[in-house]
2 protein chains.
Amino acid sequence: MSRPTMEDVAKRAKVSRALVSLVMNNSPQVSDEKRESVLRAAEELGYRPNLAARQLAKRRTQTIGVLVDDLRNPFFGEVVDGIEAEAADHGFTALILNGHRDARRELDAVETFLQFRVEGMALVGPRVGDDDLARLGGATPCVVVASGSAHPGVDTVTTDGRWGAELAVEHLASLGHTRIAHMDGGSNVSAAERRAGYRSAMQAAGIGDFIDIRAAGDDEADALDVIDELLSEADPPTAIFAFNDLLAAGALNRLDDAGVAVPGEVSLIGFDNTFISALRHLSLTTINQPKLAMGRLAVGTLLERLSDGSGEPIRHTLKPELVVRGTTGSPSNGSARPDGPPGPHRT
Amino acid sequence: MSRPTMEDVAKRAKVSRALVSLVMNNSPQVSDEKRESVLRAAEELGYRPNLAARQLAKRRTQTIGVLVDDLRNPFFGEVVDGIEAEAADHGFTALILNGHRDARRELDAVETFLQFRVEGMALVGPRVGDDDLARLGGATPCVVVASGSAHPGVDTVTTDGRWGAELAVEHLASLGHTRIAHMDGGSNVSAAERRAGYRSAMQAAGIGDFIDIRAAGDDEADALDVIDELLSEADPPTAIFAFNDLLAAGALNRLDDAGVAVPGEVSLIGFDNTFISALRHLSLTTINQPKLAMGRLAVGTLLERLSDGSGEPIRHTLKPELVVRGTTGSPSNGSARPDGPPGPHRT
DNA sequence: CATTGGAATTAGAGCGCTCTAATGGTCTAT
DNA sequence: ATAGACCATTAGAGCGCTCTAATTCCAATG
């Protein structure tokens, strides 16, 4: 509005507008004397450069767009922390927009980013399909984090969902489980990979006959029906591998309702290692994703792409790790949870 | 960049730049014929208005800045959801920045907002002090959400922390507790209010002699030492009112470690009603804050201030509510956790 | 003393858009 | 036919900044 402009500062410091610009950009070729008087004038006026004007003149924005699938999911919060940190380290500002778990709104957000002329976009856990992504992105570099994409126009930073699923199944199998069911991620983009890992690990463990995949989702609420369904079977599974921690938490709720002891009667394992899984009273065994590293790497990828331009799609795949906590144990020892790792559940 | 400009579109559609501008702004005074050919040309070129240029020319940004204390705290996520929704309803874009639980970084973020020339700022749970706030804000309207501020230059949307604290204490007192301790929010801005509520409710309940306030904080980790301290007392409290859910979760962990039954030996109550408190295995009794409503109201306040300008500071204070779950019960019934009220599922 | 070179400073042309005022065209009322 | 009214369209002056090229200044040099 009526905020002071560079012109005002120039007048007050009795120098040219150009000199003020130099000072504001920390140019070394300004005499200390003038620099100081410009800074003083700016201070006195409460001057702040107008970013829009600067961006327009500079023809770059030093800005990256960060699209977050769901701000309420702490998993994404941590990834974004990593993104912001790395972006800041390289002089970029991260603009955060919320996808609200909805592909249409994601597209809107991307549109907004493009109008902002962000220099790159990091899509964290997007739901939108590959084609839309590539089409929309156009010339703007775009990295997908934690969701995988096969499209050549899009770089990715993911954890190896297949590997993670295998870790989960191996862990359960090594405890002696055979009837291991998978509550999958439904339409979530990462679901297929983890499903595949589950399948192959079940085969590898020689219990391929027990493969049992149930369509669920990625939110607590998505677990309820599936658990009911599983419990009503003649031979219910002794272990469940859930698509993510939230889903596992929902499962835990429902198992609890049904009076099923965890891990006494059913073992449960999640995915993500969000902070809720560490809460002692959940104490959820899970698969860790290195969230901070993923965020940083995402920005790294973007910068690489910015300076490089063309070339092969970049695919960073980080290794997930098994985090054993209190919701997994040997099958059918019938009693309350064994000592094992920390965190006794109630009976 | 080398993206198409309005000029390009104008040329291709064989009209003036001004006409393209009118079309892009949905002006009614454009003939259908021309409108269509402009839109077609824009489509073909993949034209997108340059927001920086538009903002510069318009001399307004239609943008509000949202500063979030901590993206990993689900409480804030929900508030932001409300803010975004209301902002969108009024044609504003919400720019989200992360405060990282650090006053200095908050100030940086505010600085960034001002450079962006946001038309208003919503600070969600800020840690920065009143004076800095008012000084920095300057002419830009600023609403503080969930953190209270006494400064006349700043509007606020809060839940009544005093009232909430009273609800908590009354609940515990009505269960028969007298030795009710308060793990307070430490330096958190909302801490004082809840502390005061705790005090007055203790007095009102005739158990003022048992007032016991322990400096803690607002994060899980902050609970550990305090719990140790409390448990080592000669006469440990039979109930604890924690500053927020995260702190309560941390307390729960520690109590668990120490083999103390909740609510058998100690009742525990949190604040915020974040989704983690609803997780069945925590099942935390807590005080609800209407997060979505707070977010929407924040934007409402900002808009009001924008059209109104001067005037008294606006203070919206919403009423919190008690949400009884499984971590509170009568004192010293010695046994394991009772069932608690049925199925407190969150939506 | 004129010349040179380098550093510090400035003039001025955009960046891509909006907005006011002016233009031209068409349609009625006189 | 003429004026007026009204509409769609356009010219052009900014918005607040950056950046290139030009200018000024001054000390050092031959």
# chains A, B, ... in the order shown; residues from 1 in each chain; ligands from 1

$ interface_residues --of "chain B" --to "chain C" --cutoff "6 Å" --atoms "only C-alpha atoms (C1' of nucleotides)" --output "PyMOL selection string"
chain B and resi 53-54+57-58

$ select_by_dssp --residues "range 93-214 of chain A" --states "helix (DSSP H, G or I)" --output "PyMOL selection string"
chain A and resi 103-116+130-137+161-174+191-204+208-210

$ residues_around --residues "range 44-52 of chain A" --least-positions-apart "4" --cutoff "9 Å" --atoms "only C-alpha atoms (C1' of nucleotides)" --output "list of chain:residue names"
A:Arg3, A:Pro4, A:Thr5, A:Met6, A:Asp8, A:Val9, A:Arg12, A:Met24, A:Leu39, A:Arg40, A:Leu56, A:Ala57, A:Thr61, B:Leu51, B:Ala52, B:Ala53, B:Arg54, B:Gln55, B:Leu56, B:Glu111, B:Thr112, B:Leu114, B:Gln115, B:Phe116, B:Arg117, D:DG16, D:DC17

$ closest_residue --among "A:Leu95, A:Val15, A:Ala221, A:Val20" --to "chain D" --atoms "only C-alpha atoms (C1' of nucleotides)"
A:Val20

$ residues_around --residues "Leu306 in chain B" --least-positions-apart "4" --cutoff "9 Å" --atoms "only C-alpha atoms (C1' of nucleotides)" --output "ChimeraX atom specification"
/B:119-120,140-141,301-302,310

$ interface_residues --of "chain D" --to "chain B" --cutoff "9 Å" --atoms "only C-alpha atoms (C1' of nucleotides)" --output "list of chain:residue names"
D:DC7, D:DA8, D:DT9, D:DT10, D:DG14, D:DC15, D:DG16

$ residues_around --residues "Pro290 in chain B" --least-positions-apart "2" --cutoff "9 Å" --atoms "only C-alpha atoms (C1' of nucleotides)" --output "list of chain:residue names"
B:Val79, B:Thr159, B:Asp272, B:Asn273, B:Asn288, B:Leu292, B:Ala293, B:Met294, B:Gly295, B:Leu318, B:Lys319, B:Pro320, B:Glu321

$ write_last_selection --atoms "all heavy atoms" --output "CSV table (one decimal), in the first residue's frame"
chain,number,residue,atom,x,y,z
B,79,VAL,N,-6.1,-26.3,12.9
B,79,VAL,CA,-6.4,-24.8,12.9
B,79,VAL,C,-6.1,-24.3,11.5
B,79,VAL,O,-7.0,-23.5,10.9
B,79,VAL,CB,-5.5,-24.1,13.9
B,79,VAL,CG1,-5.8,-22.6,13.8
B,79,VAL,CG2,-5.8,-24.6,15.3
B,159,THR,N,-9.1,-20.0,22.8
B,159,THR,CA,-10.1,-20.6,23.6
B,159,THR,C,-9.8,-20.1,25.0
B,159,THR,O,-8.7,-19.8,25.3
B,159,THR,CB,-10.0,-22.1,23.6
B,159,THR,OG1,-8.7,-22.5,23.5
B,159,THR,CG2,-10.8,-22.7,22.4
B,272,ASP,N,-6.3,-29.7,24.5
B,272,ASP,CA,-6.3,-29.5,23.0
B,272,ASP,C,-7.3,-30.5,22.3
B,272,ASP,O,-7.9,-30.1,21.3
B,272,ASP,CB,-4.9,-29.7,22.4
B,272,ASP,CG,-4.0,-28.6,22.6
B,272,ASP,OD1,-4.5,-27.6,23.2
B,272,ASP,OD2,-2.8,-28.7,22.3
B,273,ASN,N,-7.4,-31.7,22.8
B,273,ASN,CA,-8.1,-32.7,22.1
B,273,ASN,C,-7.6,-32.9,20.7
B,273,ASN,O,-8.3,-32.9,19.7
B,273,ASN,CB,-9.6,-32.4,22.0
B,273,ASN,CG,-10.4,-33.6,21.6
B,273,ASN,OD1,-10.0,-34.7,21.7
B,273,ASN,ND2,-11.6,-33.3,21.0
B,288,ASN,N,-11.2,-30.0,24.9
B,288,ASN,CA,-11.3,-29.7,23.5
B,288,ASN,C,-11.2,-28.2,23.1
B,288,ASN,O,-11.8,-27.4,23.8
B,288,ASN,CB,-12.6,-30.2,22.9
B,288,ASN,CG,-12.7,-30.0,21.4
B,288,ASN,OD1,-11.8,-30.5,20.7
B,288,ASN,ND2,-13.7,-29.2,21.0
B,292,LEU,N,-11.1,-26.0,14.1
B,292,LEU,CA,-11.5,-25.5,12.8
B,292,LEU,C,-12.2,-24.1,12.9
B,292,LEU,O,-11.9,-23.2,12.2
B,292,LEU,CB,-12.5,-26.5,12.2
B,292,LEU,CG,-12.3,-26.7,10.7
B,292,LEU,CD1,-11.1,-27.5,10.5
B,292,LEU,CD2,-13.5,-27.5,10.2
B,293,ALA,N,-13.0,-24.0,13.9
B,293,ALA,CA,-13.7,-22.8,14.1
B,293,ALA,C,-12.8,-21.7,14.4
B,293,ALA,O,-12.9,-20.5,14.0
B,293,ALA,CB,-14.7,-22.9,15.3
B,294,MET,N,-11.7,-22.0,15.2
B,294,MET,CA,-10.7,-21.0,15.5
B,294,MET,C,-10.1,-20.5,14.2
B,294,MET,O,-9.8,-19.3,14.1
B,294,MET,CB,-9.7,-21.5,16.5
B,294,MET,CG,-10.2,-21.8,17.9
B,294,MET,SD,-9.1,-22.8,18.9
B,294,MET,CE,-7.9,-21.5,19.3
B,295,GLY,N,-9.7,-21.4,13.4
B,295,GLY,CA,-9.1,-21.0,12.1
B,295,GLY,C,-10.0,-20.1,11.3
B,295,GLY,O,-9.5,-19.1,10.8
B,318,LEU,N,-13.3,-18.5,22.5
B,318,LEU,CA,-14.2,-19.6,22.4
B,318,LEU,C,-14.2,-20.4,23.7
B,318,LEU,O,-13.2,-20.4,24.4
B,318,LEU,CB,-13.8,-20.4,21.2
B,318,LEU,CG,-13.7,-19.6,19.9
B,318,LEU,CD1,-13.5,-20.5,18.7
B,318,LEU,CD2,-15.0,-18.8,19.7
B,319,LYS,N,-15.3,-21.1,23.9
B,319,LYS,CA,-15.4,-21.9,25.1
B,319,LYS,C,-14.9,-23.3,24.8
B,319,LYS,O,-15.3,-24.0,23.8
B,319,LYS,CB,-16.9,-22.1,25.5
B,319,LYS,CG,-17.4,-20.8,26.2
B,319,LYS,CD,-16.7,-20.5,27.5
B,319,LYS,CE,-17.2,-19.1,28.0
B,319,LYS,NZ,-16.1,-18.4,28.7
B,320,PRO,N,-13.9,-23.8,25.6
B,320,PRO,CA,-13.5,-25.2,25.4
B,320,PRO,C,-14.4,-26.1,26.1
B,320,PRO,O,-15.3,-25.7,26.9
B,320,PRO,CB,-12.1,-25.1,26.2
B,320,PRO,CG,-12.3,-24.1,27.2
B,320,PRO,CD,-13.2,-23.0,26.6
B,321,GLU,N,-14.3,-27.4,25.9
B,321,GLU,CA,-15.2,-28.4,26.5
B,321,GLU,C,-14.4,-29.5,27.0
B,321,GLU,O,-13.4,-29.9,26.5
B,321,GLU,CB,-16.1,-28.9,25.4
B,321,GLU,CG,-17.1,-28.0,24.9
B,321,GLU,CD,-17.8,-28.5,23.6
B,321,GLU,OE1,-17.3,-29.5,23.1
B,321,GLU,OE2,-18.7,-27.8,23.1

$ residues_around --residues "range 232-236 of chain B" --least-positions-apart "4" --cutoff "10 Å" --atoms "only C-alpha atoms (C1' of nucleotides)" --output "list of chain:residue names"
B:Arg179, B:Ile180, B:Ala181, B:Val226, B:Ile227, B:Asp228, B:Glu265, B:Val266

$ write_last_selection --atoms "all heavy atoms" --output "short mmCIF file (atom, residue, chain, number, x, y, z; two decimals), in the first residue's frame"
data_model
loop_
_atom_site.label_atom_id
_atom_site.label_comp_id
_atom_site.auth_asym_id
_atom_site.auth_seq_id
_atom_site.Cartn_x
_atom_site.Cartn_y
_atom_site.Cartn_z
N ARG B 179 -5.34 -33.88 45.76
CA ARG B 179 -3.94 -33.59 45.39
C ARG B 179 -3.80 -33.61 43.87
O ARG B 179 -3.38 -34.59 43.27
CB ARG B 179 -2.99 -34.59 46.04
CG ARG B 179 -2.88 -34.39 47.57
CD ARG B 179 -1.60 -34.96 48.13
NE ARG B 179 -1.41 -36.35 47.71
CZ ARG B 179 -2.09 -37.37 48.22
NH1 ARG B 179 -3.01 -37.16 49.15
NH2 ARG B 179 -1.86 -38.58 47.80
N ILE B 180 -4.19 -32.48 43.29
CA ILE B 180 -4.16 -32.34 41.84
C ILE B 180 -2.99 -31.43 41.46
O ILE B 180 -2.98 -30.26 41.83
CB ILE B 180 -5.46 -31.71 41.31
CG1 ILE B 180 -6.66 -32.54 41.77
CG2 ILE B 180 -5.42 -31.58 39.81
CD1 ILE B 180 -8.01 -31.90 41.50
N ALA B 181 -2.04 -31.98 40.75
CA ALA B 181 -0.89 -31.14 40.36
C ALA B 181 -1.08 -30.62 38.94
O ALA B 181 -1.82 -31.19 38.14
CB ALA B 181 0.40 -31.96 40.44
N VAL B 226 9.58 -33.98 35.15
CA VAL B 226 8.55 -33.56 36.08
C VAL B 226 7.85 -34.76 36.70
O VAL B 226 7.57 -34.79 37.91
CB VAL B 226 7.53 -32.64 35.38
CG1 VAL B 226 6.47 -32.20 36.36
CG2 VAL B 226 8.23 -31.44 34.77
N ILE B 227 7.57 -35.74 35.88
CA ILE B 227 6.91 -36.94 36.40
C ILE B 227 7.82 -37.63 37.43
O ILE B 227 7.37 -38.01 38.52
CB ILE B 227 6.56 -37.91 35.25
CG1 ILE B 227 5.47 -37.31 34.38
CG2 ILE B 227 6.13 -39.26 35.80
CD1 ILE B 227 4.15 -37.13 35.06
N ASP B 228 9.07 -37.75 37.10
CA ASP B 228 10.00 -38.37 38.04
C ASP B 228 9.97 -37.65 39.38
O ASP B 228 9.91 -38.27 40.45
CB ASP B 228 11.43 -38.32 37.48
CG ASP B 228 11.59 -39.29 36.32
OD1 ASP B 228 10.69 -40.14 36.12
OD2 ASP B 228 12.60 -39.19 35.61
N GLU B 265 -3.88 -45.33 39.78
CA GLU B 265 -3.17 -44.63 40.84
C GLU B 265 -3.10 -43.12 40.59
O GLU B 265 -3.10 -42.33 41.52
CB GLU B 265 -1.76 -45.19 40.97
CG GLU B 265 -1.75 -46.68 41.32
CD GLU B 265 -0.36 -47.28 41.25
OE1 GLU B 265 0.49 -46.83 42.02
OE2 GLU B 265 -0.12 -48.18 40.41
N VAL B 266 -3.00 -42.78 39.34
CA VAL B 266 -2.95 -41.35 38.98
C VAL B 266 -3.89 -41.08 37.82
O VAL B 266 -3.86 -41.79 36.81
CB VAL B 266 -1.52 -40.93 38.59
CG1 VAL B 266 -1.53 -39.50 38.07
CG2 VAL B 266 -0.57 -41.06 39.76
#

$ residues_around --residues "range 267-270 of chain B" --least-positions-apart "3" --cutoff "8 Å" --atoms "only C-alpha atoms (C1' of nucleotides)" --output "list in words"
Ala168, Leu172, Thr238, Ala239, Ile240, Phe241, Ala242, Phe243, Asn244, Asp245, Leu246, Leu247, Ala248, Leu252, Val262, Pro263, Gly264, Asn273, Leu284, Thr285, Thr286, Ile287, Thr327, Thr328, Gly329, Ser330 and Pro331 of chain B

$ atom_distance --atom1 "CA of Val23 in chain A" --atom2 "CA of Ala41 in chain A"
11.6 Å
